[in-house]
$ cat entry.tsv   # TSV, C-alpha atoms
chain	number	residue	atom	x	y	z
A	1	MET	CA	116.29	112.64	82.92
A	2	THR	CA	114.97	115.96	81.78
A	3	ASP	CA	113.53	117.55	78.70
A	4	VAL	CA	112.53	120.99	77.57
A	5	ARG	CA	108.83	121.81	77.70
A	6	ARG	CA	107.45	124.76	75.79
A	7	LEU	CA	105.36	127.10	77.89
A	8	PRO	CA	102.81	129.68	76.73
A	9	GLY	CA	104.68	132.64	75.30
A	10	GLY	CA	107.54	130.54	73.98
A	11	HIS	CA	109.47	130.23	77.26
A	12	ALA	CA	111.27	126.95	77.82
A	13	GLU	CA	111.22	125.06	81.12
A	14	LEU	CA	113.50	122.21	82.05
A	15	VAL	CA	111.34	119.51	83.60
A	16	SER	CA	111.97	116.09	85.07
A	17	HIS	CA	110.70	112.91	83.47
A	18	ARG	CA	108.52	111.71	86.27
A	19	TYR	CA	104.79	111.29	86.22
A	20	ASP	CA	102.06	110.95	88.76
A	21	GLY	CA	99.33	108.30	88.50
A	22	GLU	CA	97.37	110.42	86.05
A	23	GLY	CA	100.24	111.00	83.62
A	24	ARG	CA	101.08	114.53	84.76
A	25	THR	CA	104.75	115.52	84.83
A	26	MET	CA	106.10	115.65	88.39
A	27	ALA	CA	109.33	117.11	89.73
A	28	LYS	CA	111.05	117.23	93.10
A	29	PHE	CA	111.55	120.45	95.06
A	30	MET	CA	113.34	121.79	98.12
A	31	ASP	CA	111.94	124.97	99.62
A	32	VAL	CA	113.45	127.08	102.35
A	33	HIS	CA	111.75	129.22	105.01
A	34	ASP	CA	113.36	131.85	107.22
A	35	GLY	CA	112.20	133.39	110.49
A	36	PHE	CA	111.24	130.19	112.32
A	37	VAL	CA	113.45	131.03	115.30
A	38	GLY	CA	112.37	129.24	118.47
A	39	VAL	CA	109.68	127.21	116.73
A	40	THR	CA	108.86	123.95	118.52
A	41	ALA	CA	108.48	120.46	117.09
A	42	GLU	CA	104.73	120.72	117.73
A	43	GLN	CA	104.50	123.98	115.77
A	44	LEU	CA	106.48	122.52	112.88
A	45	ASN	CA	104.21	119.51	112.87
A	46	ALA	CA	101.11	121.72	112.84
A	47	ALA	CA	102.49	123.72	109.89
A	48	HIS	CA	103.32	120.50	108.03
A	49	GLU	CA	99.83	119.13	108.69
A	50	ALA	CA	98.31	122.34	107.30
A	51	ASP	CA	100.27	121.73	104.07
A	52	LEU	CA	99.25	118.07	103.89
A	53	LYS	CA	95.59	118.98	104.31
A	54	ILE	CA	95.43	121.04	101.09
A	55	GLU	CA	98.41	119.82	99.04
A	56	GLY	CA	96.27	117.43	96.98
A	57	GLU	CA	94.38	120.34	95.45
A	58	GLU	CA	97.63	121.46	93.80
A	59	GLY	CA	98.96	117.98	92.96
A	60	VAL	CA	101.80	118.49	95.48
A	61	HIS	CA	103.06	116.13	98.18
A	62	PHE	CA	105.28	117.32	101.01
A	63	GLU	CA	107.49	114.36	101.89
A	64	ARG	CA	109.56	115.75	104.72
A	65	ALA	CA	110.34	118.95	106.64
A	66	TRP	CA	113.36	119.75	108.81
A	67	LEU	CA	113.77	122.59	111.35
A	68	ASP	CA	116.77	124.44	112.74
A	69	PRO	CA	115.06	126.56	115.44
A	70	GLU	CA	118.26	128.40	116.33
A	71	ALA	CA	118.81	129.73	112.79
A	72	GLY	CA	115.06	129.84	112.15
A	73	LYS	CA	115.36	127.75	108.98
A	74	VAL	CA	112.90	125.18	107.68
A	75	PHE	CA	113.59	122.95	104.66
A	76	CYS	CA	110.72	121.12	102.93
A	77	LEU	CA	111.16	118.32	100.40
A	78	SER	CA	108.23	117.84	98.04
A	79	THR	CA	107.07	116.47	94.71
A	80	GLY	CA	104.67	118.36	92.47
A	81	PRO	CA	103.95	119.78	89.05
A	82	SER	CA	105.76	123.15	89.47
A	83	LYS	CA	107.46	125.57	91.87
A	84	GLU	CA	104.38	127.73	91.69
A	85	ALA	CA	102.15	124.88	92.93
A	86	VAL	CA	104.50	124.33	95.90
A	87	MET	CA	104.40	128.07	96.67
A	88	ARG	CA	100.60	128.17	96.47
A	89	VAL	CA	100.20	125.37	99.03
A	90	HIS	CA	102.60	127.03	101.48
A	91	GLU	CA	100.96	130.42	101.00
A	92	ARG	CA	97.44	129.10	101.54
A	93	ALA	CA	98.64	127.17	104.63
A	94	GLY	CA	99.92	130.43	106.12
A	95	HIS	CA	103.72	130.14	105.69
A	96	PRO	CA	104.60	131.53	102.26
A	97	THR	CA	108.07	131.35	100.73
A	98	THR	CA	109.47	132.29	97.34
A	99	GLU	CA	112.66	130.25	97.81
A	100	VAL	CA	111.90	127.00	95.98
A	101	TYR	CA	114.49	124.91	94.12
A	102	GLU	CA	113.79	122.23	91.54
A	103	LEU	CA	115.94	119.20	92.26
A	104	THR	CA	116.84	117.46	89.03
A	105	THR	CA	119.39	115.15	90.67
A	106	GLU	CA	119.46	113.21	93.93
A	107	VAL	CA	122.28	110.98	95.14
B	1	MET	CA	115.03	115.90	122.63
B	2	THR	CA	117.90	118.23	123.34
B	3	ASP	CA	120.06	119.29	126.21
B	4	VAL	CA	122.71	121.88	126.87
B	5	ARG	CA	126.30	120.69	126.83
B	6	ARG	CA	129.07	122.76	128.38
B	7	LEU	CA	131.95	123.42	126.03
B	8	PRO	CA	135.53	124.48	126.89
B	9	GLY	CA	135.47	128.15	127.83
B	10	GLY	CA	132.00	127.96	129.33
B	11	HIS	CA	130.01	128.23	126.07
B	12	ALA	CA	126.82	126.25	125.89
B	13	GLU	CA	125.77	124.20	122.88
B	14	LEU	CA	122.32	122.76	122.24
B	15	VAL	CA	122.76	119.16	121.19
B	16	SER	CA	120.45	116.36	120.14
B	17	HIS	CA	120.00	113.21	122.19
B	18	ARG	CA	121.14	110.71	119.61
B	19	TYR	CA	124.17	108.48	119.84
B	20	ASP	CA	126.28	106.52	117.42
B	21	GLY	CA	127.40	102.93	118.07
B	22	GLU	CA	130.23	104.11	120.30
B	23	GLY	CA	128.11	106.31	122.55
B	24	ARG	CA	129.03	109.65	120.95
B	25	THR	CA	126.30	112.27	120.62
B	26	MET	CA	125.07	112.58	117.01
B	27	ALA	CA	122.94	115.23	115.37
B	28	LYS	CA	121.39	115.76	111.95
B	29	PHE	CA	122.47	118.54	109.60
B	30	MET	CA	121.47	120.20	106.34
B	31	ASP	CA	124.20	122.06	104.50
B	32	VAL	CA	123.82	124.29	101.48
B	33	HIS	CA	126.27	124.97	98.65
B	34	ASP	CA	126.08	127.75	96.07
B	35	GLY	CA	127.74	128.09	92.68
B	36	PHE	CA	126.94	124.63	91.28
B	37	VAL	CA	125.32	126.10	88.15
B	38	GLY	CA	125.29	123.63	85.26
B	39	VAL	CA	126.70	120.77	87.34
B	40	THR	CA	125.75	117.33	85.99
B	41	ALA	CA	124.40	114.30	87.86
B	42	GLU	CA	127.78	112.61	87.30
B	43	GLN	CA	129.64	115.55	88.85
B	44	LEU	CA	127.30	115.62	91.85
B	45	ASN	CA	127.80	111.91	92.29
B	46	ALA	CA	131.59	112.31	92.15
B	47	ALA	CA	131.46	115.08	94.78
B	48	HIS	CA	129.22	112.94	97.01
B	49	GLU	CA	131.58	109.95	96.63
B	50	ALA	CA	134.51	112.16	97.66
B	51	ASP	CA	132.61	113.00	100.86
B	52	LEU	CA	131.72	109.35	101.53
B	53	LYS	CA	135.34	108.29	101.12
B	54	ILE	CA	136.60	110.39	104.07
B	55	GLU	CA	133.47	111.06	106.17
B	56	GLY	CA	134.24	108.20	108.58
B	57	GLU	CA	137.36	109.98	109.80
B	58	GLU	CA	135.13	112.75	111.19
B	59	GLY	CA	132.31	110.50	112.41
B	60	VAL	CA	129.98	112.01	109.76
B	61	HIS	CA	127.65	110.26	107.32
B	62	PHE	CA	126.18	112.02	104.30
B	63	GLU	CA	122.78	110.44	103.72
B	64	ARG	CA	121.57	112.32	100.66
B	65	ALA	CA	122.40	115.21	98.33
B	66	TRP	CA	120.10	117.13	95.99
B	67	LEU	CA	121.04	119.45	93.12
B	68	ASP	CA	119.30	122.36	91.41
B	69	PRO	CA	121.74	123.01	88.52
B	70	GLU	CA	119.80	126.05	87.31
B	71	ALA	CA	120.11	127.91	90.64
B	72	GLY	CA	123.45	126.25	91.38
B	73	LYS	CA	122.28	124.98	94.78
B	74	VAL	CA	123.20	121.72	96.46
B	75	PHE	CA	121.60	120.51	99.70
B	76	CYS	CA	123.26	117.73	101.73
B	77	LEU	CA	121.59	115.85	104.58
B	78	SER	CA	123.98	114.28	107.09
B	79	THR	CA	124.44	112.96	110.60
B	80	GLY	CA	127.51	113.69	112.64
B	81	PRO	CA	128.95	114.99	115.90
B	82	SER	CA	129.00	118.73	115.00
B	83	LYS	CA	128.63	121.36	112.26
B	84	GLU	CA	132.40	121.72	112.28
B	85	ALA	CA	132.90	118.03	111.48
B	86	VAL	CA	130.48	118.33	108.52
B	87	MET	CA	132.37	121.40	107.29
B	88	ARG	CA	135.73	119.65	107.61
B	89	VAL	CA	134.63	116.73	105.43
B	90	HIS	CA	133.28	119.03	102.71
B	91	GLU	CA	136.38	121.21	102.81
B	92	ARG	CA	138.78	118.27	102.56
B	93	ALA	CA	136.67	116.81	99.70
B	94	GLY	CA	137.11	120.07	97.78
B	95	HIS	CA	133.68	121.73	98.12
B	96	PRO	CA	133.71	123.80	101.32
B	97	THR	CA	130.64	125.54	102.73
B	98	THR	CA	130.00	127.46	105.94
B	99	GLU	CA	126.20	127.21	105.62
B	100	VAL	CA	125.34	124.26	107.87
B	101	TYR	CA	122.11	123.95	109.89
B	102	GLU	CA	121.50	121.63	112.81
B	103	LEU	CA	118.11	119.97	112.39
B	104	THR	CA	116.57	119.31	115.78
B	105	THR	CA	113.16	118.36	114.36
B	106	GLU	CA	112.05	116.31	111.36
B	107	VAL	CA	108.45	115.62	110.34

$ encode --input "entry.tsv" --output "structure tokens"
Amino acid sequence: MTDVRRLPGGHAELVSHRYDGEGRTMAKFMDVHDGFVGVTAEQLNAAHEADLKIEGEEGVHFERAWLDPEAGKVFCLSTGPSKEAVMRVHERAGHPTTEVYELTTEV
Amino acid sequence: MTDVRRLPGGHAELVSHRYDGEGRTMAKFMDVHDGFVGVTAEQLNAAHEADLKIEGEEGVHFERAWLDPEAGKVFCLSTGPSKEAVMRVHERAGHPTTEVYELTTEV
């Protein structure tokens, strides 16, 4: 379920009706990274651990990450308050991406 | 763990060391669809059900699908014998894609 939240400046944002333990609205995200050609399982794990170490400061949790080392693609599934929060964690952890999708439906 | 399998014609394919109940090699895949702008949860569910109905004929199983209706993106997580098998199921179910990634690592 979703509703429309008014943002500063009058912009509207479609947000999911989920809340964390402190009553903040939470949504689910998939983000995509390119350029990870030849990355090993150990390197992916290290990158994921770097996210987990700081994610709490942004109210984000990275649930899972998947790697295709031939195409150089990484997909990360997370929950958090906004796309921007997800991007900030990845950027601070050293692997920025701007390709983040809000997942309003999961089957 | 992966190894290199020889294909007809001498091409090599990197494959994962997982097997289904009948001893066939299985791998994990993420595929991506574009153009699903404005799609509803019900429509996503119907598309997913169409995949589930025929996936067994290709030895594929679609585990999960996620939708961002604003960007029009759908991500599907599956297991199966090959990218081609995943593509065949989606094509026969009416929502073809050629963007399929083999996931050799998951954290």

$ residues_around --input "entry.tsv" --residues "Lys28 in chain B" --least-positions-apart "3" --cutoff "10 Å" --atoms "all atoms listed in the file" --output "ChimeraX atom specification"
/A:66,68 /B:15-16,18,60-63,77-83,101-106

$ atom_distance --input "entry.tsv" --atom1 "CA of Glu99 in chain A" --atom2 "CA of Ala27 in chain B"
25.3 Å

$ atom_distance --input "entry.tsv" --atom1 "CA of Asn45 in chain B" --atom2 "CA of Val32 in chain A"
23.2 Å

$ atom_distance --input "entry.tsv" --atom1 "CA of Ala71 in chain B" --atom2 "CA of Met87 in chain A"
16.8 Å

$ residues_around --input "entry.tsv" --residues "His95 in chain A" --least-positions-apart "3" --cutoff "10 Å" --atoms "only C-alpha atoms" --output "mmCIF file with C-alpha atoms, in the frame of the given file"
data_model
loop_
_atom_site.group_PDB
_atom_site.id
_atom_site.type_symbol
_atom_site.label_atom_id
_atom_site.label_comp_id
_atom_site.auth_asym_id
_atom_site.auth_seq_id
_atom_site.Cartn_x
_atom_site.Cartn_y
_atom_site.Cartn_z
ATOM 1 C CA HIS A 33 111.750 129.220 105.010
ATOM 2 C CA ASP A 34 113.360 131.850 107.220
ATOM 3 C CA ALA A 47 102.490 123.720 109.890
ATOM 4 C CA HIS A 48 103.320 120.500 108.030
ATOM 5 C CA ALA A 50 98.310 122.340 107.300
ATOM 6 C CA ASP A 51 100.270 121.730 104.070
ATOM 7 C CA MET A 87 104.400 128.070 96.670
ATOM 8 C CA ARG A 88 100.600 128.170 96.470
ATOM 9 C CA VAL A 89 100.200 125.370 99.030
ATOM 10 C CA HIS A 90 102.600 127.030 101.480
ATOM 11 C CA GLU A 91 100.960 130.420 101.000
ATOM 12 C CA ARG A 92 97.440 129.100 101.540
#

$ closest_residue --input "entry.tsv" --among "A:Pro69, A:Gly35, A:Gly94, A:Gly56" --to "chain B" --atoms "all atoms listed in the file"
A:Pro69

$ closest_residue --input "entry.tsv" --among "A:Val86, A:Ala46, A:Val107, A:Cys76" --to "chain B" --atoms "all atoms listed in the file"
A:Val107

$ closest_residue --input "entry.tsv" --among "B:Val100, B:Ile54, B:Val37, B:Leu44" --to "Gly72 in chain B" --atoms "only C-alpha atoms"
B:Val37

$ axis_aligned_box --input "entry.tsv" --around "range 30-36 of chain B" --padding-each-side "5 Å" --output "lines of an AutoDock Vina configuration file"
center_x = 124.6
center_y = 124.1
center_z = 98.8
size_x = 16.3
size_y = 17.9
size_z = 25.1

$ closest_residue --input "entry.tsv" --among "B:Phe29, B:Val39, B:Glu58, B:Ala65" --to "chain A" --atoms "only C-alpha atoms"
B:Ala65

$ closest_residue --input "entry.tsv" --among "B:Arg64, B:Phe36, B:Glu42, B:Thr97" --to "chain A" --atoms "only C-alpha atoms"
B:Arg64
